[in-house]
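Next up, structure11.txt (compact mmCIF, C-alpha atoms and all ligand atoms):
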# COMPACT_ATOMS: atom_id res chain seq x y z
CA MET A 133 0.00 0.00 0.00
CA ILE A 134 1.35 3.41 -0.99
CA TYR A 135 0.37 6.17 1.41
CA LEU A 136 -0.28 9.48 -0.34
CA ASP A 137 -2.27 11.32 2.32
CA ASN A 138 0.58 12.95 4.18
CA ALA A 139 -1.24 16.28 4.41
CA ALA A 140 -3.82 14.52 6.60
CA THR A 141 -1.20 13.08 8.89
CA THR A 142 2.26 11.55 8.87
CA LYS A 143 3.91 8.61 10.55
CA MET A 144 5.79 9.49 13.73
CA CYS A 145 9.57 9.38 13.27
CA GLU A 146 11.83 7.21 15.46
CA GLU A 147 13.49 10.22 17.08
CA ALA A 148 10.13 11.69 18.13
CA LEU A 149 8.94 8.33 19.41
CA LYS A 150 12.09 7.95 21.56
CA GLU A 151 11.57 11.39 23.00
CA TYR A 152 7.89 10.63 23.58
CA GLU A 153 8.76 7.47 25.46
CA TYR A 154 11.48 9.12 27.53
CA PHE A 155 9.19 11.92 28.71
CA SER A 156 6.32 9.46 29.31
CA CYS A 157 8.12 6.79 31.33
CA SER A 158 11.55 7.84 32.61
CA ASN A 159 11.07 11.57 32.95
CA PHE A 160 7.35 11.87 33.45
CA TYR A 161 7.15 14.60 36.11
CA ASN A 162 4.73 17.51 36.04
CA PRO A 163 6.70 20.54 34.82
CA SER A 164 4.78 22.81 37.21
CA ALA A 165 5.79 20.88 40.36
CA ILE A 166 8.50 22.26 42.62
CA TYR A 167 10.86 19.33 43.30
CA LEU A 168 14.04 18.98 41.32
CA PRO A 169 13.13 16.26 38.75
CA ALA A 170 9.97 18.22 37.87
CA ILE A 171 11.87 21.50 37.66
CA LYS A 172 14.20 19.81 35.19
CA VAL A 173 11.23 18.83 33.02
CA GLY A 174 10.09 22.47 33.17
CA VAL A 175 13.54 23.57 32.03
CA ALA A 176 13.45 21.04 29.16
CA LEU A 177 10.05 22.41 28.15
CA ASP A 178 11.37 25.97 28.12
CA GLU A 179 14.38 24.89 26.13
CA ALA A 180 11.98 23.25 23.69
CA ARG A 181 10.31 26.66 23.17
CA ALA A 182 13.65 28.16 22.23
CA ARG A 183 14.46 25.21 19.97
CA LEU A 184 11.11 25.51 18.19
CA LYS A 185 11.60 29.25 17.74
CA LYS A 186 14.92 28.50 16.08
CA CYS A 187 13.20 26.11 13.64
CA LEU A 188 10.71 28.89 12.90
CA GLY A 189 13.38 31.51 12.33
CA ALA A 190 12.02 33.65 15.15
CA LYS A 191 14.31 35.59 17.46
CA LYS A 192 11.46 37.63 18.94
CA GLY A 193 8.26 36.28 20.46
CA ASP A 194 7.15 33.25 22.45
CA ILE A 195 5.80 29.76 21.95
CA ILE A 196 2.58 28.56 23.53
CA PHE A 197 2.18 24.81 23.39
CA THR A 198 -1.29 23.55 22.50
CA SER A 199 -3.07 20.32 21.59
CA GLY A 200 -2.75 21.00 17.86
CA ALA A 201 -3.50 23.54 15.19
CA THR A 202 -7.26 23.54 15.67
CA GLU A 203 -6.68 24.82 19.17
CA SER A 204 -3.87 27.17 18.09
CA ASN A 205 -6.11 28.71 15.43
CA ASN A 206 -9.00 29.18 17.85
CA LEU A 207 -6.72 30.63 20.52
CA ALA A 208 -5.11 33.01 18.03
CA ILE A 209 -8.40 34.43 16.79
CA ARG A 210 -10.56 34.31 19.90
CA GLY A 211 -7.64 35.45 22.05
CA SER A 212 -7.15 38.51 19.82
CA GLN A 213 -10.85 39.38 19.69
CA ARG A 214 -11.85 42.61 21.43
CA GLU A 215 -15.09 44.29 22.48
CA GLY A 216 -16.31 47.13 20.29
CA LYS A 217 -16.69 47.82 16.62
CA TRP A 218 -13.74 45.84 15.35
CA GLU A 219 -13.61 43.99 12.04
CA TYR A 220 -12.27 40.54 11.21
CA VAL A 221 -10.79 39.49 7.89
CA PHE A 222 -10.31 35.91 6.65
CA SER A 223 -9.36 34.36 3.35
CA SER A 224 -12.08 32.24 1.78
CA GLY A 225 -9.71 29.27 1.67
CA GLU A 226 -9.11 28.75 5.37
CA HIS A 227 -9.16 25.37 7.13
CA ALA A 228 -12.39 24.50 8.97
CA SER A 229 -10.82 25.47 12.30
CA VAL A 230 -10.60 29.08 11.06
CA TYR A 231 -13.42 29.14 8.53
CA ASN A 232 -16.07 27.80 10.91
CA LEU A 233 -14.88 30.14 13.64
CA ALA A 234 -15.15 33.07 11.22
CA ASN A 235 -18.74 32.07 10.52
CA ALA A 236 -19.40 31.81 14.26
CA LEU A 237 -18.05 35.35 14.76
CA LYS A 238 -20.41 36.52 12.04
CA GLN A 239 -23.33 34.82 13.76
CA GLU A 240 -22.37 36.60 16.96
CA GLY A 241 -22.85 39.90 15.15
CA LYS A 242 -19.20 40.80 14.44
CA THR A 243 -18.22 42.41 11.17
CA VAL A 244 -16.51 39.61 9.27
CA HIS A 245 -15.06 39.85 5.76
CA PHE A 246 -14.07 36.93 3.58
CA VAL A 247 -11.41 37.74 0.99
CA PRO A 248 -11.96 35.91 -2.31
CA LEU A 249 -9.39 33.62 -3.88
CA ASN A 250 -8.11 34.16 -7.39
CA LYS A 251 -8.44 31.45 -10.06
CA GLY A 252 -5.05 30.02 -9.14
CA GLY A 253 -6.17 29.57 -5.53
CA GLU A 254 -4.18 32.35 -3.85
CA ILE A 255 -5.82 35.06 -1.79
CA ASP A 256 -6.82 38.06 -3.93
CA TYR A 257 -4.25 40.55 -2.65
CA GLU A 258 -6.00 43.62 -4.09
CA ALA A 259 -9.31 42.59 -2.53
CA LEU A 260 -7.55 42.09 0.81
CA GLU A 261 -6.12 45.59 0.64
CA LYS A 262 -9.55 47.08 -0.04
CA LEU A 263 -11.11 45.31 2.95
CA LEU A 264 -8.58 46.53 5.50
CA THR A 265 -9.25 49.60 7.65
CA PRO A 266 -7.95 51.09 10.92
CA LYS A 267 -10.83 49.14 12.50
CA THR A 268 -9.47 45.74 11.42
CA ARG A 269 -8.61 43.74 14.50
CA VAL A 270 -7.59 40.33 13.10
CA VAL A 271 -6.48 39.16 9.68
CA SER A 272 -6.13 35.39 9.32
CA VAL A 273 -4.65 33.89 6.16
CA MET A 274 -3.12 30.45 5.78
CA PHE A 275 0.38 29.93 4.38
CA VAL A 276 -0.14 26.75 2.30
CA ASN A 277 -3.66 25.66 1.51
CA ASN A 278 -4.35 22.16 2.80
CA VAL A 279 -6.76 21.36 -0.04
CA THR A 280 -4.85 22.67 -3.05
CA GLY A 281 -1.32 23.19 -1.77
CA VAL A 282 -1.40 26.74 -3.12
CA ILE A 283 1.09 29.03 -1.36
CA ASN A 284 0.04 32.50 -0.26
CA ASP A 285 2.68 35.23 -0.29
CA ILE A 286 2.79 35.92 3.45
CA LYS A 287 5.44 38.64 3.21
CA ARG A 288 3.28 40.54 0.73
CA ILE A 289 0.25 40.03 2.97
CA SER A 290 2.04 41.33 6.07
CA GLN A 291 3.14 44.43 4.15
CA ILE A 292 -0.42 45.06 2.96
CA VAL A 293 -1.75 44.57 6.50
CA ARG A 294 0.85 46.84 8.15
CA GLN A 295 0.17 49.61 5.62
CA ASN A 296 -3.61 49.48 5.69
CA ALA A 297 -4.61 48.17 9.09
CA PRO A 298 -2.20 49.47 11.74
CA SER A 299 -4.19 47.96 14.64
CA ALA A 300 -4.52 44.51 13.08
CA ILE A 301 -3.07 41.29 14.41
CA LEU A 302 -1.91 39.07 11.55
CA HIS A 303 -2.45 35.35 12.16
CA VAL A 304 -1.09 32.70 9.82
CA ASP A 305 -2.13 29.05 9.85
CA GLY A 306 1.23 27.55 8.95
CA VAL A 307 0.32 23.87 9.35
CA GLN A 308 1.10 22.80 5.77
CA ALA A 309 4.15 25.06 5.48
CA PHE A 310 6.17 24.43 8.63
CA CYS A 311 8.96 21.87 8.11
CA LYS A 312 8.08 21.83 4.42
CA LEU A 313 8.99 25.30 3.12
CA LYS A 314 12.00 27.33 4.20
CA PHE A 315 11.05 30.64 5.82
CA SER A 316 11.83 32.86 8.77
CA LEU A 317 8.97 34.19 10.88
CA ASP A 318 10.93 37.35 11.73
CA GLU A 319 11.28 38.09 8.02
CA LEU A 320 7.65 37.32 7.29
CA ASP A 321 6.61 39.71 10.07
CA VAL A 322 3.52 37.92 11.38
CA ASP A 323 2.01 38.24 14.87
CA LEU A 324 0.66 34.73 15.37
CA PHE A 325 1.55 31.44 13.67
CA SER A 326 -0.07 28.01 14.17
CA LEU A 327 1.55 24.64 13.66
CA SER A 328 0.67 21.00 14.28
CA ALA A 329 3.10 18.19 15.17
CA HIS A 330 1.43 15.30 13.38
CA LYS A 331 1.90 16.94 9.99
CA PHE A 332 5.70 16.70 10.22
CA HIS A 333 6.25 13.25 11.79
CA GLY A 334 5.57 14.34 15.33
CA PRO A 335 2.90 12.91 17.64
CA LYS A 336 -0.79 13.66 17.34
CA GLY A 337 -2.36 15.97 19.89
CA ALA A 338 0.48 18.49 20.04
CA GLY A 339 0.91 21.84 18.40
CA ALA A 340 2.04 25.35 19.05
CA LEU A 341 1.08 28.95 18.60
CA TYR A 342 3.92 31.37 18.00
CA VAL A 343 3.06 34.74 19.56
CA LYS A 344 5.03 37.88 18.77
CA ASN A 345 3.49 39.84 21.64
CA LYS A 346 1.90 37.64 24.26
CA ALA A 347 0.61 40.63 26.24
CA ALA A 348 -1.94 41.17 23.45
CA LEU A 349 -3.33 37.62 23.58
CA LYS A 350 -6.10 36.73 26.00
CA ASN A 351 -6.58 33.32 27.60
CA LEU A 352 -9.65 31.30 26.66
CA VAL A 353 -9.53 28.80 29.51
CA PHE A 354 -8.91 29.42 33.20
CA GLY A 355 -6.74 27.21 35.33
CA GLY A 356 -3.31 26.87 36.85
CA GLY A 357 -1.68 29.51 34.67
CA GLN A 358 0.56 27.29 32.54
CA GLU A 359 1.87 28.62 29.21
CA TYR A 360 2.17 32.21 30.48
CA GLY A 361 -1.40 32.02 31.78
CA ILE A 362 -2.67 31.92 28.19
CA ARG A 363 -3.24 28.15 27.97
CA SER A 364 -3.78 26.60 31.36
CA GLY A 365 -3.59 22.85 31.82
CA THR A 366 -0.73 20.44 32.38
CA GLU A 367 1.33 20.38 29.21
CA ASN A 368 1.46 17.22 27.11
CA VAL A 369 5.21 17.08 27.68
CA PRO A 370 5.95 13.79 25.82
CA ALA A 371 4.11 14.95 22.70
CA ILE A 372 5.62 18.44 22.86
CA MET A 373 9.16 17.11 23.23
CA GLY A 374 8.50 14.64 20.40
CA MET A 375 7.17 17.46 18.24
CA VAL A 376 10.22 19.66 18.74
CA LYS A 377 12.57 16.75 18.08
CA ALA A 378 10.66 15.93 14.87
CA ALA A 379 11.01 19.54 13.71
CA GLU A 380 14.74 19.53 14.41
CA VAL A 381 15.60 16.33 12.57
CA ILE A 382 13.85 17.29 9.34
CA ASP A 383 16.08 18.49 6.53
CA VAL A 384 13.60 20.96 5.04
CA GLY A 385 15.73 21.96 2.03
CA ALA A 386 16.70 18.44 0.95
CA ASN A 387 13.16 17.11 1.45
CA PHE A 388 11.73 19.99 -0.60
CA GLU A 389 13.97 19.16 -3.56
CA LYS A 390 13.16 15.46 -3.35
CA VAL A 391 9.40 15.98 -3.03
CA LYS A 392 9.50 18.43 -5.95
CA CYS A 393 10.88 15.63 -8.14
CA LEU A 394 8.33 13.13 -6.78
CA LYS A 395 5.42 15.43 -7.58
CA ALA A 396 6.77 16.21 -11.05
CA ALA A 397 7.05 12.49 -11.85
CA PHE A 398 3.57 11.84 -10.50
CA LEU A 399 2.01 14.64 -12.54
CA GLN A 400 3.93 13.58 -15.63
CA GLU A 401 2.39 10.11 -15.38
CA LEU A 402 -1.15 11.48 -15.05
CA CYS A 403 -1.09 14.40 -17.44
CA GLY A 404 -2.37 14.12 -20.97
CA ASP A 405 -5.85 12.95 -20.03
CA GLU A 406 -8.19 15.88 -20.40
CA LYS A 407 -10.66 14.30 -17.98
CA ILE A 408 -8.14 14.81 -15.17
CA LYS A 409 -7.75 18.44 -14.16
CA PHE A 410 -4.95 19.70 -11.93
CA VAL A 411 -6.01 22.48 -9.60
CA GLY A 412 -4.02 25.41 -8.28
CA GLU A 413 -1.06 27.49 -9.38
CA ASN A 414 2.09 28.13 -7.38
CA ALA A 415 1.45 25.07 -5.23
CA SER A 416 3.64 23.38 -2.65
CA PRO A 417 5.36 20.24 -3.97
CA TYR A 418 3.84 18.36 -1.04
CA ILE A 419 0.25 18.56 -2.31
CA ALA A 420 -1.47 17.88 -5.64
CA MET A 421 -5.21 18.44 -6.02
CA MET A 422 -6.97 16.86 -8.98
CA LEU A 423 -10.51 16.78 -10.29
CA PHE A 424 -11.54 13.53 -11.97
CA GLU A 425 -14.39 14.11 -14.39
CA GLY A 426 -17.40 11.81 -14.24
CA VAL A 427 -16.63 9.90 -11.04
CA ASN A 428 -17.27 10.48 -7.37
CA GLY A 429 -14.00 11.14 -5.52
CA GLU A 430 -15.22 9.11 -2.59
CA THR A 431 -15.88 6.08 -4.80
CA LEU A 432 -12.45 6.46 -6.39
CA THR A 433 -10.77 6.79 -2.97
CA ARG A 434 -12.44 3.60 -1.77
CA ALA A 435 -11.65 1.75 -5.00
CA LEU A 436 -7.98 2.67 -4.58
CA GLU A 437 -7.52 2.11 -0.89
CA GLU A 438 -6.02 -1.36 -0.94
CA LYS A 439 -3.22 -0.16 -3.19
CA VAL A 440 -3.00 3.60 -2.84
CA ILE A 441 -4.27 5.83 -0.06
CA VAL A 442 -5.34 9.28 -1.20
CA GLY A 443 -7.31 12.11 0.42
CA ARG A 444 -10.33 14.14 -0.57
CA GLY A 445 -9.05 17.63 0.26
CA SER A 446 -9.31 17.84 3.99
CA ALA A 447 -9.48 14.86 6.32
CA CYS A 448 -11.36 16.98 8.86
CA SER A 449 -14.18 17.72 6.43
CA ALA A 450 -13.86 14.65 4.19
CA LYS A 451 -17.35 13.42 4.89
CA LYS A 452 -19.05 16.70 3.95
CA ALA A 453 -20.36 17.31 0.45
CA GLY A 454 -18.71 20.16 -1.42
CA ASN A 455 -15.58 22.03 -0.51
CA HIS A 456 -15.52 25.75 0.27
CA VAL A 457 -11.94 26.15 -0.99
CA LEU A 458 -12.66 24.69 -4.41
CA SER A 459 -15.95 26.64 -4.56
CA ALA A 460 -14.04 29.84 -3.79
CA MET A 461 -11.81 29.04 -6.78
CA GLY A 462 -14.87 28.91 -9.02
CA PHE A 463 -15.39 25.15 -9.38
CA ASN A 464 -18.96 23.84 -9.39
CA LEU A 465 -20.32 21.02 -7.24
CA GLY A 466 -20.17 18.56 -10.13
CA GLN A 467 -16.45 19.19 -10.58
CA ILE A 468 -15.78 19.19 -6.84
CA LYS A 469 -17.39 15.75 -6.51
CA GLY A 470 -14.44 14.25 -8.37
CA ALA A 471 -11.79 15.87 -6.16
CA ILE A 472 -8.83 13.80 -5.00
CA ARG A 473 -5.86 15.15 -3.07
CA VAL A 474 -2.54 13.38 -3.03
CA SER A 475 0.12 14.54 -0.62
CA PHE A 476 3.73 13.44 -0.64
CA ASP A 477 6.49 12.74 1.81
CA ALA A 478 10.24 12.61 1.35
CA SER A 479 10.31 8.96 2.46
CA LEU A 480 8.53 7.92 -0.76
CA THR A 481 10.50 6.61 -3.72
CA MET A 482 10.17 7.66 -7.33
CA GLU A 483 9.04 4.11 -8.22
CA GLN A 484 6.26 4.28 -5.63
CA VAL A 485 4.81 7.58 -6.85
CA VAL A 486 4.96 6.53 -10.50
CA GLU A 487 3.30 3.22 -9.65
CA ALA A 488 0.66 5.05 -7.61
CA ALA A 489 -0.08 7.39 -10.52
CA LYS A 490 -0.49 4.39 -12.87
CA ILE A 491 -2.84 2.66 -10.42
CA ILE A 492 -4.89 5.85 -9.97
CA LYS A 493 -5.22 6.25 -13.73
CA THR A 494 -6.28 2.65 -14.44
CA THR A 495 -8.67 2.56 -11.50
CA TYR A 496 -10.23 5.83 -12.66
CA LEU A 497 -10.64 4.56 -16.22
CA GLN A 498 -12.16 1.28 -14.98
CA LEU A 499 -14.64 3.20 -12.85
CA LEU A 500 -15.57 5.43 -15.76
CA GLU A 501 -16.11 2.36 -17.93
CA LYS A 502 -18.37 0.80 -15.27
CA LEU A 503 -20.44 3.97 -15.05
CA LYS A 504 -21.09 4.08 -18.81
N1 LIG B 1 -4.95 23.94 9.57
C1 LIG B 1 -4.59 23.24 8.47
C2 LIG B 1 -4.18 24.00 7.26
C3 LIG B 1 -4.61 21.86 8.49
O1 LIG B 1 -4.27 21.18 7.39
C4 LIG B 1 -5.02 21.18 9.67
C5 LIG B 1 -5.07 19.66 9.73
N2 LIG B 1 -5.98 19.10 8.82
C6 LIG B 1 -5.36 21.95 10.79
C7 LIG B 1 -5.32 23.31 10.70
C8 LIG B 1 -5.80 21.30 12.08
O2 LIG B 1 -4.71 20.72 12.73
P1 LIG B 1 -4.90 19.69 13.95
O3 LIG B 1 -5.16 18.36 13.32
O4 LIG B 1 -3.59 19.73 14.66
O5 LIG B 1 -6.00 20.21 14.80
How does the structure come out when it is put into structure tokens?
Amino acid sequence: MIYLDNAATTKMCEEALKEYEYFSCSNFYNPSAIYLPAIKVGVALDEARARLKKCLGAKKGDIIFTSGATESNNLAIRGSQREGKWEYVFSSGEHASVYNLANALKQEGKTVHFVPLNKGGEIDYEALEKLLTPKTRVVSVMFVNNVTGVINDIKRISQIVRQNAPSAILHVDGVQAFCKLKFSLDELDVDLFSLSAHKFHGPKGAGALYVKNKAALKNLVFGGGQEYGIRSGTENVPAIMGMVKAAEVIDVGANFEKVKCLKAAFLQELCGDEKIKFVGENASPYIAMMLFEGVNGETLTRALEEKVIVGRGSACSAKKAGNHVLSAMGFNLGQIKGAIRVSFDASLTMEQVVEAAKIIKTTYLQLLEKLK
């Protein structure tokens, strides 16, 4: 079986697993306790913040450990929310953890703007500029789209936000970018950045929110005051330490080059059939979104699963009909029905991706034949 759903989750690496075990069994103490072994765990946790900041290219700011990016995204946006006539701006392509929250804010009576996507799948930069005002409180735009792999120009976005919305907090969901693209948070100039461990060979149930100025972020839960009082609750130390180790052992540059070649070979094998449409421009090499004409993507996914595992666009919303990202790019429901997302990992071989592409093509053609 060839696993091509690495944007949904990845296998934990050995190094992370070792770290997870060590901080679960040998060094299991509560980092908030006051005896020496526990204090040492607390020190290791604080060192892990500094190590993660280094991976992010951030000299300024702090790290708040969370249970994953869904929590990080909610904390970023809700924690930056303020009373009064503030406005909130989101791209139309956001992950459910941002998109559904944006809709909830709207329901609560807040002024919420959704910025359209262009045909290629990037945020419409001109439309973003027009929607910003001195009253904008939060702007939330993802780095790499989890459905299409399309990369937004975060530097350009931060410049637009700084120029047009001086009071705005810029949040970036960086889940599909961190440990995959090379960047420096200081250079990108963002205020808040979410990441999730299980997308880069770390454990599930761990994530982080990078915060440039933690004084501006409010806590959502009340408790013992862990994580600077912003995210109370005993930290999931094994998962956090595993996450940071996973981030450190990844060779982002080398993996990028390898995955670029894997994706090119995969696309090469599938191109030429006009019934298969590739979606998105300027996409990450880690993700390829395709629309298969005339079949249901779910049926195709199930027909493939013994040989090749693929995704539908977002594992979190896989069971829902439609897809708001593809709709925002102008595709109709009929086209979206045939959506399949494949997502790569540097551990794959060229032979595997070429074989997977061949299997996908024959299975698709067999299904089409059956449906005639
Ligand atoms: N944002 C993006 C872009 C994602 O791809 C995901 C995972 N599907 C999340 C947020 C949610 O991450 P988690 O699974 O850690 O809650």
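Proximity ranking of A:Ala190, A:Val276, A:Leu499, A:Leu465 relative to ligand LIG 1 (chain B) places A:Val276 first, based on only C-alpha atoms and all ligand atoms.
As for atom CA of Ala379 of chain A and atom CA of Gly357 of chain A, they are spaced 26.5 Å apart.
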Give the residues close to ligand LIG 1 (chain B), within 7 Å, counting all atoms listed in the file; write them as an mmCIF file with C-alpha atoms, keeping the file's coordinate frame.
data_model
loop_
_atom_site.group_PDB
_atom_site.id
_atom_site.type_symbol
_atom_site.label_atom_id
_atom_site.label_comp_id
_atom_site.auth_asym_id
_atom_site.auth_seq_id
_atom_site.Cartn_x
_atom_site.Cartn_y
_atom_site.Cartn_z
ATOM 1 C CA ALA A 139 -1.240 16.280 4.410
ATOM 2 C CA ALA A 140 -3.820 14.520 6.600
ATOM 3 C CA SER A 199 -3.070 20.320 21.590
ATOM 4 C CA GLY A 200 -2.750 21.000 17.860
ATOM 5 C CA ALA A 201 -3.500 23.540 15.190
ATOM 6 C CA THR A 202 -7.260 23.540 15.670
ATOM 7 C CA GLU A 203 -6.680 24.820 19.170
ATOM 8 C CA HIS A 227 -9.160 25.370 7.130
ATOM 9 C CA SER A 229 -10.820 25.470 12.300
ATOM 10 C CA MET A 274 -3.120 30.450 5.780
ATOM 11 C CA VAL A 276 -0.140 26.750 2.300
ATOM 12 C CA ASN A 277 -3.660 25.660 1.510
ATOM 13 C CA ASN A 278 -4.350 22.160 2.800
ATOM 14 C CA ASP A 305 -2.130 29.050 9.850
ATOM 15 C CA GLY A 306 1.230 27.550 8.950
ATOM 16 C CA VAL A 307 0.320 23.870 9.350
ATOM 17 C CA GLN A 308 1.100 22.800 5.770
ATOM 18 C CA SER A 328 0.670 21.000 14.280
ATOM 19 C CA ALA A 329 3.100 18.190 15.170
ATOM 20 C CA HIS A 330 1.430 15.300 13.380
ATOM 21 C CA GLY A 337 -2.360 15.970 19.890
ATOM 22 C CA ALA A 338 0.480 18.490 20.040
ATOM 23 C CA GLY A 339 0.910 21.840 18.400
ATOM 24 C CA SER A 446 -9.310 17.840 3.990
ATOM 25 C CA ALA A 447 -9.480 14.860 6.320
ATOM 26 C CA CYS A 448 -11.360 16.980 8.860
#
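Atom CA of Glu219 of chain A is positioned 11.1 Å from atom CA of Ile301 of chain A.
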Residues near Lys262 of chain A, anyone? I mean within 10 Å using only C-alpha atoms, not counting same-chain ones fewer than 5 positions away, as a PDB file with C-alpha atoms, in the frame of the given file.
ATOM      1  CA  VAL A 247     -11.410  37.740   0.990  1.00  0.00           C
ATOM      2  CA  TYR A 257      -4.250  40.550  -2.650  1.00  0.00           C
ATOM      3  CA  ILE A 292      -0.420  45.060   2.960  1.00  0.00           C
ATOM      4  CA  ASN A 296      -3.610  49.480   5.690  1.00  0.00           C
TER       5      ASN A 296
END
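Counting all atoms listed in the file and comparing A:Ala478, A:Leu177, A:Val485, A:Ile209, the residue that lies closest to Leu399 of chain A is A:Val485.
Our summary of the geometry notes that atom CA of Glu437 of chain A is positioned 16.4 Å from atom CA of Val486 of chain A.
Take the candidates A:Ala234, A:Leu320, A:Val384, A:Leu423 and check each one against Lys407 of chain A using all atoms listed in the file; the shortest distance goes to A:Leu423.
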Find the residues around Pro335 of chain A up to 9 Å (all atoms listed in the file counted), leave out those fewer than 3 positions away in its own chain, and share them as an mmCIF file with C-alpha atoms, keeping the file's coordinate frame.
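Contents of the output file out_0.cif:
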data_model
loop_
_atom_site.group_PDB
_atom_site.id
_atom_site.type_symbol
_atom_site.label_atom_id
_atom_site.label_comp_id
_atom_site.auth_asym_id
_atom_site.auth_seq_id
_atom_site.Cartn_x
_atom_site.Cartn_y
_atom_site.Cartn_z
ATOM 1 C CA THR A 142 2.260 11.550 8.870
ATOM 2 C CA LYS A 143 3.910 8.610 10.550
ATOM 3 C CA MET A 144 5.790 9.490 13.730
ATOM 4 C CA CYS A 145 9.570 9.380 13.270
ATOM 5 C CA ALA A 148 10.130 11.690 18.130
ATOM 6 C CA LEU A 149 8.940 8.330 19.410
ATOM 7 C CA TYR A 152 7.890 10.630 23.580
ATOM 8 C CA ALA A 329 3.100 18.190 15.170
ATOM 9 C CA HIS A 330 1.430 15.300 13.380
ATOM 10 C CA LYS A 331 1.900 16.940 9.990
ATOM 11 C CA PHE A 332 5.700 16.700 10.220
ATOM 12 C CA ALA A 338 0.480 18.490 20.040
ATOM 13 C CA PRO A 370 5.950 13.790 25.820
ATOM 14 C CA ALA A 371 4.110 14.950 22.700
ATOM 15 C CA ILE A 372 5.620 18.440 22.860
ATOM 16 C CA GLY A 374 8.500 14.640 20.400
ATOM 17 C CA MET A 375 7.170 17.460 18.240
ATOM 18 C CA ALA A 378 10.660 15.930 14.870
#
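Restricting the calculation to all atoms listed in the file, the smallest distance between Ile134 of chain A and any of A:Phe476, A:Ile441, A:Val457, A:Leu503 is found for A:Ile441.
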Near Ile255 of chain A, within 7 Å and counting all atoms listed in the file, which residues show up once chain neighbours fewer than 3 positions away are dropped, as number ranges by chain?
A: 223, 247-250, 284
